[in-house]
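A.B. asks: Take this structure, written in structure tokens, and hold onto it; I'll ask about it next.
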Amino acid sequence: MAFTFTDSNVEEIIASGKAVVVDFWAPWCGPCVAMSPVIDALAEEYKDKDIVIGKYNTEEENDFCIANRVISIPQILFFKNGKAAPFRLAGAQKPEKVKETIEKLLAL
């Protein structure tokens with residue numbers, strides 16, 4: 001199961017230096033709901049790696065969303081060593097594309 005990011009925990013987790021994958025979603029967003037099992041499966045697949053994969057509900061939280069200029073969802077942001085990675089994924093994605101990007105993040 002994917003981690004639940006909130007405005008009160010996301011910055012601390014990113015600051016830990018671990019690789020972090022944040023999926024921005026909302027319950028009313030069809031493509032977001034379609035991506036949910038993909039994120040959950042990847043969180044399970046990578047659970048033994050030094051990475052946190054989770055979801056940030058834009059209906060319940062918004063500070064981190066605004067700070068990272070997320071203006072459309074679904075959107076996935078990647079962080080490592082306390083900083084944003086130089087890539088992000090916008091819109092619904094194939095599982096292979098998300099996994100490929102996670103591997104790219106881990107290689108940084």
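Identifiers for the structure tokens are assigned positionally: chains receive A, B, ... in sequence, residues are indexed from 1 per chain, and ligands are indexed from 1 in the order shown.
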Excluding Val22 in chain A and any residue of its chain fewer than 4 positions from it, enumerate the residues within 7 Å of it, using only C-alpha atoms, and give them as a count of residues only.

C.D. replies: 7

A.B. asks: Can you pull out the residues contacting Gly30 in chain A? Cut-off 12 Å, using only C-alpha atoms, and skip same-chain residues under 3 positions away; I want them as a ChimeraX atom specification.

C.D. replies: /A:25-27,33-36,73-74,91-92

A.B. asks: Restricting it to C-alpha atoms, dump the selection as a tab-separated table (two decimals), in the first residue's frame.

C.D. replies:
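Result written to selection.tsv:
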```
chain	number	residue	atom	x	y	z
A	25	TRP	CA	-4.55	12.94	-6.86
A	26	ALA	CA	-8.17	13.63	-5.90
A	27	PRO	CA	-11.09	11.23	-5.38
A	33	VAL	CA	-8.39	6.82	-9.50
A	34	ALA	CA	-7.18	4.71	-12.44
A	35	MET	CA	-3.55	5.39	-11.41
A	36	SER	CA	-4.16	4.46	-7.77
A	73	ILE	CA	-3.72	16.02	-11.70
A	74	PRO	CA	-2.78	13.26	-11.77
A	91	GLY	CA	-1.50	12.81	-16.65
A	92	ALA	CA	-2.35	9.12	-16.47
```

A.B. asks: I'd like the neighbourhood of range 40-44 of chain A as number ranges by chain, where a residue qualifies if any of its atoms comes within 8 Å (using only C-alpha atoms), though same-chain residues fewer than 2 positions away should be ignored.

C.D. replies: A: 1-3, 36-38, 46-47, 52-54, 99

A.B. asks: Store the residues picked out above in a file with all heavy atoms, as an mmCIF file, in the first residue's frame.

C.D. replies:
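This is the output file again.cif:
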```cif
data_model
loop_
_atom_site.group_PDB
_atom_site.id
_atom_site.type_symbol
_atom_site.label_atom_id
_atom_site.label_comp_id
_atom_site.auth_asym_id
_atom_site.auth_seq_id
_atom_site.Cartn_x
_atom_site.Cartn_y
_atom_site.Cartn_z
ATOM 1 N N MET A 1 0.842 -1.187 0.000
ATOM 2 C CA MET A 1 0.000 0.000 0.000
ATOM 3 C C MET A 1 0.885 1.247 0.000
ATOM 4 O O MET A 1 1.893 1.303 0.690
ATOM 5 C CB MET A 1 -0.906 -0.029 1.234
ATOM 6 C CG MET A 1 -1.934 1.081 1.273
ATOM 7 S SD MET A 1 -3.108 1.131 -0.088
ATOM 8 C CE MET A 1 -4.245 -0.131 0.382
ATOM 9 N N ALA A 2 0.473 2.219 -0.752
ATOM 10 C CA ALA A 2 1.228 3.467 -0.867
ATOM 11 C C ALA A 2 1.132 4.274 0.429
ATOM 12 O O ALA A 2 0.143 4.221 1.155
ATOM 13 C CB ALA A 2 0.692 4.283 -2.033
ATOM 14 N N PHE A 3 2.174 5.037 0.692
ATOM 15 C CA PHE A 3 2.240 5.933 1.842
ATOM 16 C C PHE A 3 1.269 7.095 1.618
ATOM 17 O O PHE A 3 1.023 7.498 0.485
ATOM 18 C CB PHE A 3 3.674 6.458 1.963
ATOM 19 C CG PHE A 3 3.901 7.323 3.156
ATOM 20 C CD1 PHE A 3 4.134 6.753 4.394
ATOM 21 C CD2 PHE A 3 3.894 8.696 3.048
ATOM 22 C CE1 PHE A 3 4.352 7.551 5.512
ATOM 23 C CE2 PHE A 3 4.107 9.508 4.140
ATOM 24 C CZ PHE A 3 4.334 8.935 5.381
ATOM 25 N N SER A 36 -4.311 4.882 -9.162
ATOM 26 C CA SER A 36 -4.157 4.458 -7.768
ATOM 27 C C SER A 36 -3.616 3.033 -7.611
ATOM 28 O O SER A 36 -2.660 2.819 -6.857
ATOM 29 C CB SER A 36 -5.481 4.612 -7.020
ATOM 30 O OG SER A 36 -5.312 4.313 -5.667
ATOM 31 N N PRO A 37 -4.159 2.033 -8.312
ATOM 32 C CA PRO A 37 -3.604 0.677 -8.150
ATOM 33 C C PRO A 37 -2.173 0.557 -8.678
ATOM 34 O O PRO A 37 -1.391 -0.263 -8.177
ATOM 35 C CB PRO A 37 -4.560 -0.225 -8.916
ATOM 36 C CG PRO A 37 -5.526 0.647 -9.619
ATOM 37 C CD PRO A 37 -5.357 2.041 -9.120
ATOM 38 N N VAL A 38 -1.813 1.372 -9.648
ATOM 39 C CA VAL A 38 -0.442 1.372 -10.173
ATOM 40 C C VAL A 38 0.515 1.853 -9.084
ATOM 41 O O VAL A 38 1.554 1.228 -8.825
ATOM 42 C CB VAL A 38 -0.334 2.266 -11.430
ATOM 43 C CG1 VAL A 38 1.113 2.445 -11.852
ATOM 44 C CG2 VAL A 38 -1.172 1.707 -12.561
ATOM 45 N N TYR A 46 8.585 -1.890 -4.467
ATOM 46 C CA TYR A 46 9.809 -1.220 -4.024
ATOM 47 C C TYR A 46 9.906 -1.085 -2.501
ATOM 48 O O TYR A 46 10.753 -0.354 -1.999
ATOM 49 C CB TYR A 46 9.902 0.172 -4.664
ATOM 50 C CG TYR A 46 10.275 0.143 -6.118
ATOM 51 C CD1 TYR A 46 9.311 0.067 -7.112
ATOM 52 C CD2 TYR A 46 11.613 0.185 -6.511
ATOM 53 C CE1 TYR A 46 9.660 0.039 -8.460
ATOM 54 C CE2 TYR A 46 11.971 0.163 -7.848
ATOM 55 C CZ TYR A 46 10.988 0.090 -8.815
ATOM 56 O OH TYR A 46 11.341 0.064 -10.148
ATOM 57 N N LYS A 47 9.086 -1.812 -1.764
ATOM 58 C CA LYS A 47 9.035 -1.635 -0.306
ATOM 59 C C LYS A 47 10.361 -1.932 0.392
ATOM 60 O O LYS A 47 10.621 -1.408 1.460
ATOM 61 C CB LYS A 47 7.909 -2.457 0.299
ATOM 62 C CG LYS A 47 8.131 -3.943 0.287
ATOM 63 C CD LYS A 47 6.964 -4.675 0.892
ATOM 64 C CE LYS A 47 7.224 -6.184 0.830
ATOM 65 N NZ LYS A 47 6.069 -6.919 1.267
ATOM 66 N N VAL A 52 10.339 6.045 -0.784
ATOM 67 C CA VAL A 52 8.980 6.196 -0.263
ATOM 68 C C VAL A 52 8.095 6.555 -1.448
ATOM 69 O O VAL A 52 8.320 7.573 -2.118
ATOM 70 C CB VAL A 52 8.897 7.286 0.825
ATOM 71 C CG1 VAL A 52 7.468 7.430 1.327
ATOM 72 C CG2 VAL A 52 9.848 6.982 1.972
ATOM 73 N N ILE A 53 7.100 5.725 -1.712
ATOM 74 C CA ILE A 53 6.155 5.950 -2.805
ATOM 75 C C ILE A 53 4.782 6.138 -2.184
ATOM 76 O O ILE A 53 4.323 5.284 -1.414
ATOM 77 C CB ILE A 53 6.141 4.762 -3.788
ATOM 78 C CG1 ILE A 53 7.525 4.577 -4.405
ATOM 79 C CG2 ILE A 53 5.079 4.973 -4.864
ATOM 80 C CD1 ILE A 53 7.664 3.334 -5.266
ATOM 81 N N GLY A 54 4.151 7.265 -2.491
ATOM 82 C CA GLY A 54 2.860 7.517 -1.870
ATOM 83 C C GLY A 54 2.002 8.511 -2.616
ATOM 84 O O GLY A 54 2.347 8.984 -3.700
ATOM 85 N N LYS A 99 7.469 3.084 -13.618
ATOM 86 C CA LYS A 99 8.575 2.261 -13.117
ATOM 87 C C LYS A 99 9.898 2.709 -13.732
ATOM 88 O O LYS A 99 10.913 2.808 -13.034
ATOM 89 C CB LYS A 99 8.314 0.791 -13.431
ATOM 90 C CG LYS A 99 9.346 -0.117 -12.823
ATOM 91 C CD LYS A 99 8.971 -1.573 -12.970
ATOM 92 C CE LYS A 99 10.023 -2.439 -12.326
ATOM 93 N NZ LYS A 99 9.666 -3.836 -12.307
#
```

A.B. asks: Determine the nearest neighbour of Asn81 in chain A from the options A:Ile66, A:Ile39, A:Ile14, A:Val98, counting only C-alpha atoms.

C.D. replies: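 Once distances to Asn81 in chain A are computed over only C-alpha atoms, the minimum belongs to A:Ile14.
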
A.B. asks: Report the residues of chain A whose backbone DSSP state falls under strand (DSSP E), written as a PyMOL selection string.

C.D. replies: chain A and resi 3-5+19-25+51-57+75-80+83-90

A.B. asks: Measuring atom to atom with only C-alpha atoms, identify which of A:Ile102, A:Leu108, A:Thr4, A:Val10 is nearest to Asp63 in chain A.

C.D. replies: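 Selected residue with least distance to Asp63 in chain A: A:Val10.
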